[in-house]
file final-v8.tsv (TSV, C-alpha atoms)
chain	number	residue	atom	x	y	z
A	1	MET	CA	-31.28	-31.97	-21.24
A	2	ASP	CA	-31.51	-29.21	-23.81
A	3	GLU	CA	-30.47	-26.21	-21.76
A	4	PHE	CA	-27.12	-25.42	-20.25
A	5	ASP	CA	-27.29	-25.85	-16.52
A	6	ASP	CA	-24.81	-24.66	-13.92
A	7	ASN	CA	-22.75	-27.84	-14.09
A	8	GLU	CA	-22.55	-27.63	-17.85
A	9	ILE	CA	-21.34	-24.05	-17.70
A	10	ALA	CA	-18.87	-24.90	-14.99
A	11	ARG	CA	-17.50	-27.75	-17.12
A	12	LEU	CA	-17.19	-25.51	-20.17
A	13	LEU	CA	-15.43	-22.85	-18.18
A	14	ARG	CA	-13.02	-25.37	-16.69
A	15	LEU	CA	-11.92	-26.20	-20.22
A	16	LYS	CA	-10.45	-22.74	-20.44
A	17	ARG	CA	-7.70	-23.93	-18.10
A	18	TYR	CA	-6.16	-25.65	-21.07
A	19	GLU	CA	-5.80	-22.44	-23.00
A	20	GLN	CA	-2.12	-21.68	-22.98
A	21	PRO	CA	0.10	-18.93	-24.37
A	22	PRO	CA	2.38	-19.62	-27.34
A	23	PRO	CA	5.12	-22.24	-26.73
A	24	GLY	CA	8.20	-20.87	-25.00
A	25	TYR	CA	6.28	-17.98	-23.50
A	26	PHE	CA	6.92	-18.91	-19.88
A	27	GLU	CA	10.61	-19.59	-20.56
A	28	ASN	CA	11.06	-16.13	-22.04
A	29	PHE	CA	8.93	-14.36	-19.50
A	30	LEU	CA	11.64	-14.15	-16.85
A	31	HIS	CA	14.21	-12.79	-19.34
A	32	GLU	CA	11.72	-10.19	-20.44
A	33	PHE	CA	11.06	-9.33	-16.79
A	34	HIS	CA	14.78	-8.82	-16.11
A	35	ARG	CA	15.16	-6.70	-19.23
A	36	ARG	CA	12.27	-4.44	-18.22
A	37	GLN	CA	13.62	-4.14	-14.68
A	38	ARG	CA	17.00	-3.01	-16.03
A	39	ASP	CA	15.36	-0.48	-18.37
A	40	GLU	CA	13.29	0.88	-15.52
A	41	MET	CA	16.34	1.15	-13.29
A	42	LEU	CA	18.26	3.09	-15.93
A	43	ARG	CA	15.47	5.61	-16.13
A	44	GLN	CA	15.69	6.31	-12.41
A	45	PRO	CA	17.80	9.21	-11.09
A	46	LEU	CA	21.20	8.31	-9.68
A	47	TRP	CA	20.38	9.30	-6.11
A	48	ARG	CA	17.45	6.90	-6.01
A	49	ILE	CA	19.60	4.03	-7.25
A	50	CYS	CA	22.19	4.84	-4.58
A	51	LEU	CA	19.49	5.01	-1.91
A	52	GLU	CA	18.05	1.64	-2.92
A	53	ARG	CA	21.51	0.08	-3.00
A	54	ALA	CA	22.26	1.44	0.46
A	55	HIS	CA	18.94	0.18	1.75
A	56	SER	CA	19.56	-3.28	0.31
A	57	PHE	CA	23.03	-3.29	1.83
A	58	MET	CA	21.65	-2.43	5.25
A	59	LEU	CA	19.03	-5.13	5.01
A	60	ARG	CA	21.67	-7.65	3.98
A	61	LEU	CA	23.64	-6.73	7.08
A	62	ASP	CA	20.52	-7.57	9.07
A	63	THR	CA	20.37	-4.15	10.64
A	64	ARG	CA	16.62	-4.01	10.44
A	65	SER	CA	16.38	-1.60	13.32
A	66	LEU	CA	17.99	1.02	11.11
A	67	ALA	CA	15.15	0.71	8.66
A	68	SER	CA	13.08	2.96	10.91
A	69	TYR	CA	15.69	5.70	11.08
A	70	PRO	CA	13.48	8.41	9.54
A	71	ALA	CA	11.02	8.00	12.42
A	72	ALA	CA	13.86	8.04	14.94
A	73	VAL	CA	15.36	11.19	13.42
A	74	ALA	CA	11.96	12.87	13.46
A	75	ALA	CA	11.46	11.92	17.11
A	76	VAL	CA	14.90	13.28	18.06
A	77	LEU	CA	14.19	16.55	16.23
A	78	VAL	CA	10.87	16.97	18.00
A	79	CYS	CA	12.49	16.30	21.38
A	80	ALA	CA	15.27	18.75	20.60
A	81	ALA	CA	12.74	21.40	19.64
A	82	VAL	CA	10.74	20.88	22.84
A	83	VAL	CA	13.84	20.98	25.03
A	84	SER	CA	15.22	24.09	23.34
A	85	LEU	CA	11.87	25.82	23.75
A	86	LYS	CA	11.92	25.01	27.47
A	87	ILE	CA	15.44	26.25	27.84
A	88	TYR	CA	14.64	29.42	25.94
A	89	GLN	CA	11.67	30.19	28.17
A	90	GLN	CA	13.25	29.24	31.48
A	91	PRO	CA	15.80	32.15	31.97
A	92	GLU	CA	13.00	34.75	31.98
A	93	THR	CA	11.30	33.09	34.92
A	94	ALA	CA	14.53	32.33	36.75
A	95	HIS	CA	15.73	35.90	36.33
A	96	VAL	CA	12.65	37.35	37.98
A	97	ALA	CA	12.59	34.77	40.71
A	98	LEU	CA	16.21	35.31	41.66
A	99	GLN	CA	16.14	39.03	41.55
A	100	SER	CA	12.92	39.58	43.45
A	101	PRO	CA	14.11	38.79	47.01
A	102	PRO	CA	17.02	41.25	47.04
A	103	VAL	CA	14.78	43.90	45.52
A	104	LEU	CA	12.26	43.46	48.29
A	105	SER	CA	14.92	43.79	50.97
A	106	ALA	CA	16.70	46.73	49.40
A	107	PRO	CA	14.70	49.69	50.87
A	108	ALA	CA	15.20	48.42	54.41
A	109	THR	CA	18.97	48.88	54.31
A	110	ALA	CA	20.90	52.09	54.37
A	111	GLU	CA	23.27	53.21	51.64
A	112	GLY	CA	26.46	52.43	53.59
A	113	GLU	CA	25.50	49.01	55.00
A	114	TRP	CA	25.67	46.89	51.87
A	115	SER	CA	28.24	44.49	53.29
A	116	LEU	CA	25.57	42.32	55.00
A	117	SER	CA	23.61	41.44	51.90
A	118	SER	CA	24.76	39.12	49.19
A	119	PRO	CA	27.32	40.70	46.90
A	120	VAL	CA	25.72	39.43	43.73
A	121	ALA	CA	22.33	40.86	44.57
A	122	THR	CA	23.88	44.15	45.55
A	123	GLN	CA	25.64	44.52	42.26
A	124	ILE	CA	22.53	43.81	40.28
A	125	PHE	CA	20.59	46.32	42.30
A	126	ARG	CA	23.15	49.04	41.88
A	127	THR	CA	23.91	48.79	38.23
A	128	GLN	CA	20.73	47.49	36.68
A	129	PRO	CA	17.19	48.03	37.93
A	130	VAL	CA	14.80	45.19	37.33
A	131	ARG	CA	12.34	47.31	35.42
A	132	SER	CA	13.08	50.48	33.55
A	133	PHE	CA	11.50	53.56	35.04
A	134	ASN	CA	9.07	55.71	33.28
A	135	GLY	CA	10.72	59.10	32.99
A	136	SER	CA	7.60	61.13	33.73
A	137	ALA	CA	6.76	59.02	36.76
A	138	GLN	CA	10.24	59.64	38.13
A	139	THR	CA	9.81	63.42	37.95
A	140	HIS	CA	6.52	63.35	39.80
A	141	ARG	CA	7.80	61.07	42.55
A	142	ALA	CA	11.34	62.23	42.97
A	143	ALA	CA	11.35	61.86	46.75
A	144	ALA	CA	9.36	58.64	47.01
A	145	PRO	CA	11.18	55.33	47.20
A	146	PRO	CA	11.00	53.26	44.06
A	147	ARG	CA	8.03	50.91	44.08
A	148	TYR	CA	9.96	47.74	43.50
A	149	VAL	CA	7.39	45.67	45.34
A	150	LEU	CA	4.93	46.12	42.57
A	151	ASP	CA	7.47	44.89	40.08
A	152	SER	CA	7.41	41.42	41.53
A	153	VAL	CA	4.00	41.07	39.91
A	154	PRO	CA	4.18	40.69	36.12
A	155	VAL	CA	2.76	43.61	34.24
A	156	SER	CA	0.28	41.47	32.42
A	157	TYR	CA	-1.39	40.55	35.73
A	158	GLU	CA	-1.98	44.12	36.82
A	159	PRO	CA	-5.58	45.23	36.53
A	160	THR	CA	-6.33	47.88	33.95
A	161	PHE	CA	-7.20	51.27	35.29
A	162	ARG	CA	-10.72	52.49	34.97
A	163	PHE	CA	-11.76	56.10	35.27
B	1	MET	CA	-9.28	-28.04	14.80
B	2	ASP	CA	-7.97	-25.60	12.22
B	3	GLN	CA	-4.27	-24.96	12.36
B	4	PRO	CA	-2.82	-21.81	10.84
B	5	ARG	CA	-1.48	-22.61	7.41
B	6	VAL	CA	2.17	-21.93	6.87
B	7	ASP	CA	2.85	-19.98	3.72
B	8	PRO	CA	4.97	-22.27	1.50
B	9	ASP	CA	6.58	-19.19	-0.03
B	10	ARG	CA	7.64	-17.63	3.25
B	11	GLU	CA	11.30	-18.49	2.86
B	12	LEU	CA	11.43	-17.15	-0.69
B	13	VAL	CA	9.67	-13.99	0.41
B	14	LYS	CA	12.13	-13.50	3.28
B	15	ARG	CA	15.09	-13.95	0.99
B	16	THR	CA	13.62	-11.48	-1.49
B	17	GLN	CA	13.03	-8.98	1.29
B	18	SER	CA	16.67	-9.23	2.30
B	19	GLY	CA	17.76	-8.39	-1.23
B	20	ASP	CA	18.06	-11.79	-2.93
B	21	ALA	CA	16.67	-11.15	-6.42
B	22	GLY	CA	17.10	-14.83	-7.32
B	23	ALA	CA	14.47	-15.78	-4.75
B	24	PHE	CA	11.99	-13.48	-6.42
B	25	ASP	CA	12.80	-15.10	-9.77
B	26	GLU	CA	11.67	-18.40	-8.28
B	27	LEU	CA	8.38	-16.81	-7.23
B	28	VAL	CA	7.94	-15.39	-10.73
B	29	ILE	CA	8.52	-18.80	-12.31
B	30	LYS	CA	6.14	-20.43	-9.87
B	31	TYR	CA	3.24	-18.03	-10.29
B	32	THR	CA	3.46	-16.90	-13.91
B	33	PRO	CA	1.28	-19.72	-15.33
B	34	ARG	CA	-1.47	-19.25	-12.75
B	35	LEU	CA	-1.48	-15.49	-13.02
B	36	TYR	CA	-1.37	-15.73	-16.78
B	37	GLY	CA	-4.62	-17.74	-16.69
B	38	LEU	CA	-6.22	-15.22	-14.36
B	39	VAL	CA	-5.26	-12.12	-16.32
B	40	TYR	CA	-5.78	-13.65	-19.73
B	41	ASN	CA	-9.32	-14.79	-18.96
B	42	MET	CA	-10.14	-11.33	-17.67
B	43	THR	CA	-8.65	-9.42	-20.62
B	44	SER	CA	-8.96	-11.97	-23.46
B	45	ASN	CA	-5.91	-10.51	-25.10
B	46	HIS	CA	-2.43	-11.97	-25.13
B	47	GLU	CA	-0.46	-8.73	-25.53
B	48	ASP	CA	-2.40	-7.00	-22.79
B	49	THR	CA	-1.91	-10.03	-20.56
B	50	ASN	CA	1.82	-10.05	-21.15
B	51	ASP	CA	2.21	-6.34	-20.40
B	52	LEU	CA	0.02	-6.59	-17.34
B	53	LEU	CA	1.88	-9.61	-15.99
B	54	GLN	CA	5.18	-7.78	-16.30
B	55	ASP	CA	3.73	-4.79	-14.48
B	56	ILE	CA	2.18	-7.01	-11.80
B	57	PHE	CA	5.49	-8.70	-10.98
B	58	ALA	CA	7.36	-5.39	-11.11
B	59	LYS	CA	4.88	-3.91	-8.65
B	60	ALA	CA	5.07	-6.98	-6.43
B	61	TYR	CA	8.87	-6.73	-6.40
B	62	ARG	CA	8.78	-3.06	-5.43
B	63	ALA	CA	6.16	-3.68	-2.73
B	64	ILE	CA	7.47	-6.92	-1.27
B	65	ARG	CA	9.45	-5.17	1.46
B	66	GLY	CA	6.15	-3.97	2.86
B	67	PHE	CA	4.62	-7.45	2.74
B	68	ARG	CA	4.14	-8.51	6.38
B	69	GLY	CA	2.84	-12.01	5.74
B	70	LYS	CA	-0.68	-11.43	7.08
B	71	SER	CA	-1.92	-13.43	4.10
B	72	SER	CA	-0.06	-15.93	1.95
B	73	PHE	CA	2.11	-14.61	-0.86
B	74	TYR	CA	-0.26	-16.39	-3.24
B	75	THR	CA	-3.25	-14.36	-2.01
B	76	TRP	CA	-1.21	-11.17	-1.91
B	77	VAL	CA	0.10	-11.42	-5.46
B	78	HIS	CA	-3.34	-12.44	-6.73
B	79	SER	CA	-4.81	-9.30	-5.11
B	80	ILE	CA	-2.27	-7.18	-6.94
B	81	ALA	CA	-3.05	-8.97	-10.20
B	82	VAL	CA	-6.82	-8.64	-9.89
B	83	ASN	CA	-6.71	-4.98	-8.86
B	84	MET	CA	-4.30	-4.02	-11.62
B	85	THR	CA	-6.32	-5.93	-14.21
B	86	LEU	CA	-9.58	-4.35	-13.10
B	87	ASN	CA	-7.97	-0.91	-13.28
B	88	PHE	CA	-6.61	-1.71	-16.72
B	89	LEU	CA	-10.04	-2.88	-17.93
B	90	LYS	CA	-11.66	0.31	-16.66
B	91	LYS	CA	-9.14	2.34	-18.65
B	92	ARG	CA	-9.50	0.15	-21.72
B	93	GLY	CA	-13.27	0.45	-21.67
B	94	ARG	CA	-15.56	-2.04	-23.23
B	95	ARG	CA	-13.76	-2.49	-26.55
B	96	PHE	CA	-13.71	-6.10	-27.62
B	97	GLN	CA	-10.39	-7.69	-28.36
B	98	LEU	CA	-10.81	-11.41	-28.68
B	99	SER	CA	-7.54	-13.02	-29.57
B	100	LEU	CA	-8.39	-16.28	-27.81
B	101	ASP	CA	-8.69	-18.20	-31.09
B	102	ASP	CA	-4.98	-17.72	-31.78
B	103	VAL	CA	-3.99	-19.08	-28.44
B	104	ASP	CA	-6.32	-21.98	-27.92
B	105	ALA	CA	-5.97	-23.52	-31.38
B	106	SER	CA	-4.13	-26.46	-29.86
B	107	ILE	CA	-6.74	-27.08	-27.20
B	108	GLN	CA	-8.80	-29.43	-29.38
B	109	ASN	CA	-5.83	-31.81	-29.60
B	110	ASP	CA	-5.41	-31.88	-25.84
B	111	LYS	CA	-6.13	-35.39	-24.56
B	112	GLU	CA	-7.53	-34.25	-21.24
B	113	PHE	CA	-9.69	-31.71	-22.97
B	114	LEU	CA	-11.18	-34.32	-25.34
B	115	GLN	CA	-11.89	-36.67	-22.46
B	116	SER	CA	-13.65	-34.02	-20.46
B	117	THR	CA	-15.86	-32.96	-23.36
B	118	ALA	CA	-16.81	-36.45	-24.55
B	119	THR	CA	-19.63	-36.92	-22.04
B	120	SER	CA	-21.22	-33.52	-22.39
B	121	SER	CA	-24.31	-33.69	-24.57
B	122	PRO	CA	-24.73	-29.98	-25.43
B	123	VAL	CA	-21.02	-29.71	-26.17
B	124	ARG	CA	-21.16	-32.78	-28.40
B	125	GLU	CA	-24.08	-31.39	-30.34
B	126	ALA	CA	-22.57	-27.99	-30.97
B	127	ASP	CA	-19.47	-27.26	-32.93
B	128	LEU	CA	-16.80	-27.15	-30.28
B	129	SER	CA	-14.77	-24.23	-31.51
B	130	GLU	CA	-17.90	-22.22	-32.13
B	131	LEU	CA	-19.08	-22.98	-28.62
B	132	GLN	CA	-15.76	-21.86	-27.27
B	133	ARG	CA	-15.97	-18.65	-29.21
B	134	ARG	CA	-19.46	-18.05	-27.89
B	135	LEU	CA	-18.36	-18.77	-24.38
B	136	ASN	CA	-15.57	-16.26	-24.69
B	137	GLU	CA	-17.97	-13.68	-26.07
B	138	ALA	CA	-20.36	-14.38	-23.22
B	139	MET	CA	-17.53	-13.95	-20.74
B	140	MET	CA	-16.67	-10.59	-22.26
B	141	LYS	CA	-20.27	-9.47	-21.88
B	142	LEU	CA	-20.04	-9.90	-18.13
B	143	SER	CA	-18.98	-6.94	-16.03
B	144	ASP	CA	-15.31	-6.90	-15.04
B	145	GLU	CA	-16.09	-7.79	-11.42
B	146	HIS	CA	-18.33	-10.71	-12.41
B	147	ARG	CA	-15.76	-11.98	-14.89
B	148	ALA	CA	-13.10	-11.84	-12.20
B	149	VAL	CA	-15.21	-14.01	-9.89
B	150	VAL	CA	-16.06	-16.49	-12.66
B	151	THR	CA	-12.41	-16.72	-13.68
B	152	MET	CA	-11.18	-17.35	-10.16
B	153	PHE	CA	-13.91	-19.81	-9.21
B	154	HIS	CA	-14.61	-21.82	-12.35
B	155	ILE	CA	-11.35	-21.54	-14.26
B	156	GLN	CA	-8.78	-21.26	-11.49
B	157	GLY	CA	-10.71	-23.42	-9.04
B	158	MET	CA	-10.31	-21.11	-6.05
B	159	PRO	CA	-12.64	-21.48	-3.05
B	160	HIS	CA	-15.10	-18.72	-2.16
B	161	ALA	CA	-13.12	-17.75	0.94
B	162	GLU	CA	-9.93	-17.20	-1.03
B	163	ILE	CA	-11.75	-15.10	-3.63
B	164	SER	CA	-13.34	-12.97	-0.92
B	165	LYS	CA	-9.89	-12.29	0.57
B	166	ILE	CA	-8.44	-11.34	-2.79
B	167	LEU	CA	-11.32	-9.07	-3.75
B	168	ARG	CA	-11.80	-7.82	-0.18
B	169	VAL	CA	-15.54	-8.47	-0.28
B	170	SER	CA	-17.68	-10.83	1.78
B	171	GLU	CA	-18.17	-14.44	0.81
B	172	GLY	CA	-21.86	-13.66	0.32
B	173	THR	CA	-20.95	-11.07	-2.29
B	174	VAL	CA	-18.75	-13.60	-4.06
B	175	ARG	CA	-21.58	-16.14	-4.12
B	176	SER	CA	-24.15	-13.66	-5.38
B	177	ARG	CA	-21.82	-12.42	-8.11
B	178	LEU	CA	-21.18	-15.98	-9.13
B	179	PHE	CA	-24.87	-16.80	-9.21
B	180	TYR	CA	-25.65	-13.75	-11.33
B	181	ALA	CA	-22.77	-14.42	-13.73
B	182	ASN	CA	-23.83	-18.05	-14.17
B	183	ARG	CA	-27.36	-16.94	-15.06
B	184	GLN	CA	-26.03	-14.50	-17.62
B	185	LEU	CA	-23.70	-17.04	-19.20
B	186	GLN	CA	-26.51	-19.55	-19.28
B	187	ASN	CA	-28.76	-17.11	-21.12
B	188	TYR	CA	-26.09	-16.29	-23.71
B	189	LEU	CA	-25.29	-19.92	-24.38
B	190	ASP	CA	-28.95	-20.94	-24.54
B	191	GLU	CA	-29.47	-18.33	-27.19
B	192	PHE	CA	-26.62	-19.83	-29.11
B	193	ARG	CA	-28.16	-23.29	-28.81
B	194	LYS	CA	-31.48	-22.07	-30.08
B	195	ASN	CA	-29.93	-20.04	-32.92
B	196	PRO	CA	-26.57	-21.65	-33.70
B	197	VAL	CA	-25.94	-19.66	-36.91
B	198	SER	CA	-26.62	-16.17	-35.49
call {"tool": "encode", "arguments": {"input": "final-v8.tsv", "output": "structure tokens"}}
result
Amino acid sequence: MDEFDDNEIARLLRLKRYEQPPPGYFENFLHEFHRRQRDEMLRQPLWRICLERAHSFMLRLDTRSLASYPAAVAAVLVCAAVVSLKIYQQPETAHVALQSPPVLSAPATAEGEWSLSSPVATQIFRTQPVRSFNGSAQTHRAAAPPRYVLDSVPVSYEPTFRF
Amino acid sequence: MDQPRVDPDRELVKRTQSGDAGAFDELVIKYTPRLYGLVYNMTSNHEDTNDLLQDIFAKAYRAIRGFRGKSSFYTWVHSIAVNMTLNFLKKRGRRFQLSLDDVDASIQNDKEFLQSTATSSPVREADLSELQRRLNEAMMKLSDEHRAVVTMFHIQGMPHAEISKILRVSEGTVRSRLFYANRQLQNYLDEFRKNPVS
């Protein structure tokens, strides 16, 4: 057969397995590898070396669960943020809800009969109105009782006036 | 019935992952000759091969903590080697650097080599070292991807399935690349046979 067929090429290529590097190359390779690793390590910043050492130490102690601590810390932070947001928003709602019932009952009682209602509600009513009054509105309606009933509805829910 | 193959390097990998650098040294010693053959036949340059091998093992050492054992360590480290070599060849471009003659000077005294070439008629007719040189040139004319497949299949003796895992392509792609590369090599070597002095 004059031409190279697939088997012939495969046989020729297999001969390349015998091509080897210079003698002693494989023996020196590991030393060279260690030397390069050391050089690379010396070029690293100190904090990274410390971090890697700490990580290796943890792994040697077989505390693999700690390996995921960044994810755990992130999860805790997110939970803390959500909880603090809830807590921050909650007093507004609670304040209105607690104060509304005594406000509604206030006009029905006379000035001197405060002893029957709850002392806490009475104090709030006397010293601090739930909503601040508009000064001009107060002058126009001096004799009318304060419209506390309307205040139980948040301002944002009141329909806009149209003329 | 096929049973899942146990990775023979699993214990060494585990020890390396838990910080035992000596275990990784054993892996380096074990795989350096094979990876040398792979990288060298893709780059055809000893210095480049040496530098690349060092980088390949350094990268493997850095990445071994993330190795989950879905494939064998052998496949994993070969993937790193092939990808890094292909990237290197892209950066190097198509410049020719054949230093194979320096390395394989002793090959013609190798007993096994002489036995395997004795029965081959085209090899016997041609000057052996010239044929080798031509073969190396023909290899370098292949694209990087085709050369990688030829190296792994013909030179390293890997099966198609293993090559497809390493290159992350289908087995069909491996076979078609191999077929195309064989045709190209055949054409180059036939030209040499017809015009041995050119």
call {"tool": "atom_distance", "arguments": {"input": "final-v8.tsv", "atom1": "atom CA of B:Gly172", "atom2": "atom CA of B:Ala81"}}
result
22.1 Å
call {"tool": "atom_distance", "arguments": {"input": "final-v8.tsv", "atom1": "atom CA of B:Arg183", "atom2": "atom CA of B:Leu35"}}
result
26.0 Å
call {"tool": "atom_distance", "arguments": {"input": "final-v8.tsv", "atom1": "atom CA of B:Ala138", "atom2": "atom CA of A:Leu13"}}
result
11.0 Å
call {"tool": "residues_near_point", "arguments": {"input": "final-v8.tsv", "point": "(-10.4, -21.7, -14.5)", "cutoff": "7 Å", "atoms": "only C-alpha atoms", "output": "ChimeraX atom specification"}}
result
/A:13-14,16-17 /B:151-157
call {"tool": "write_last_selection", "arguments": {"input": "final-v8.tsv", "atoms": "C-alpha atoms", "output": "CSV table (one decimal), in the frame of the given file"}}
result
chain,number,residue,atom,x,y,z
A,13,LEU,CA,-15.4,-22.8,-18.2
A,14,ARG,CA,-13.0,-25.4,-16.7
A,16,LYS,CA,-10.4,-22.7,-20.4
A,17,ARG,CA,-7.7,-23.9,-18.1
B,151,THR,CA,-12.4,-16.7,-13.7
B,152,MET,CA,-11.2,-17.4,-10.2
B,153,PHE,CA,-13.9,-19.8,-9.2
B,154,HIS,CA,-14.6,-21.8,-12.4
B,155,ILE,CA,-11.4,-21.5,-14.3
B,156,GLN,CA,-8.8,-21.3,-11.5
B,157,GLY,CA,-10.7,-23.4,-9.0
call {"tool": "closest_residue", "arguments": {"input": "final-v8.tsv", "among": "A:Lys86, A:Arg43, A:Arg48, A:His31", "to": "chain B", "atoms": "all atoms listed in the file"}}
result
A:His31
call {"tool": "closest_residue", "arguments": {"input": "final-v8.tsv", "among": "B:Glu171, B:Asp144, B:Asp20, B:Asp48", "to": "chain A", "atoms": "all atoms listed in the file"}}
result
B:Asp20
call {"tool": "residues_around", "arguments": {"input": "final-v8.tsv", "residues": "B:Arg175", "least_positions_apart": "5", "cutoff": "12 Å", "atoms": "only C-alpha atoms", "output": "list in words"}}
result
His146, Val149, Val150, Phe153, Pro159, His160, Ala161, Ile163, Ser164, Val169, Ser170, Tyr180, Ala181 and Asn182 of chain B
call {"tool": "closest_residue", "arguments": {"input": "final-v8.tsv", "among": "A:Asn28, A:Ser84, A:Gln44, A:Gln20", "to": "chain B", "atoms": "only C-alpha atoms"}}
result
A:Gln20
call {"tool": "residues_around", "arguments": {"input": "final-v8.tsv", "residues": "B:Tyr188", "least_positions_apart": "5", "cutoff": "10 Å", "atoms": "all atoms listed in the file", "output": "short mmCIF file (atom, residue, chain, number, x, y, z; two decimals) with C-alpha atoms, in the frame of the given file"}}
result
data_model
loop_
_atom_site.label_atom_id
_atom_site.label_comp_id
_atom_site.auth_asym_id
_atom_site.auth_seq_id
_atom_site.Cartn_x
_atom_site.Cartn_y
_atom_site.Cartn_z
CA PHE A 4 -27.12 -25.42 -20.25
CA ARG B 134 -19.46 -18.05 -27.89
CA LEU B 135 -18.36 -18.77 -24.38
CA GLU B 137 -17.97 -13.68 -26.07
CA ALA B 138 -20.36 -14.38 -23.22
CA MET B 139 -17.53 -13.95 -20.74
CA LYS B 141 -20.27 -9.47 -21.88
CA ASN B 182 -23.83 -18.05 -14.17
CA ARG B 183 -27.36 -16.94 -15.06
CA ARG B 193 -28.16 -23.29 -28.81
#
call {"tool": "closest_residue", "arguments": {"input": "final-v8.tsv", "among": "B:Ala63, B:Met158, B:Ile29, B:Leu178", "to": "chain A", "atoms": "only C-alpha atoms"}}
result
B:Ile29
call {"tool": "residues_around", "arguments": {"input": "final-v8.tsv", "residues": "B:Ser71", "least_positions_apart": "4", "cutoff": "10 Å", "atoms": "all atoms listed in the file", "output": "JSON, numbers by chain"}}
result
{"B": [5, 6, 7, 67, 75, 76, 77, 165, 166]}
call {"tool": "closest_residue", "arguments": {"input": "final-v8.tsv", "among": "A:Glu40, A:Glu27, A:Glu19, A:Glu52", "to": "chain B", "atoms": "only C-alpha atoms"}}
result
A:Glu19
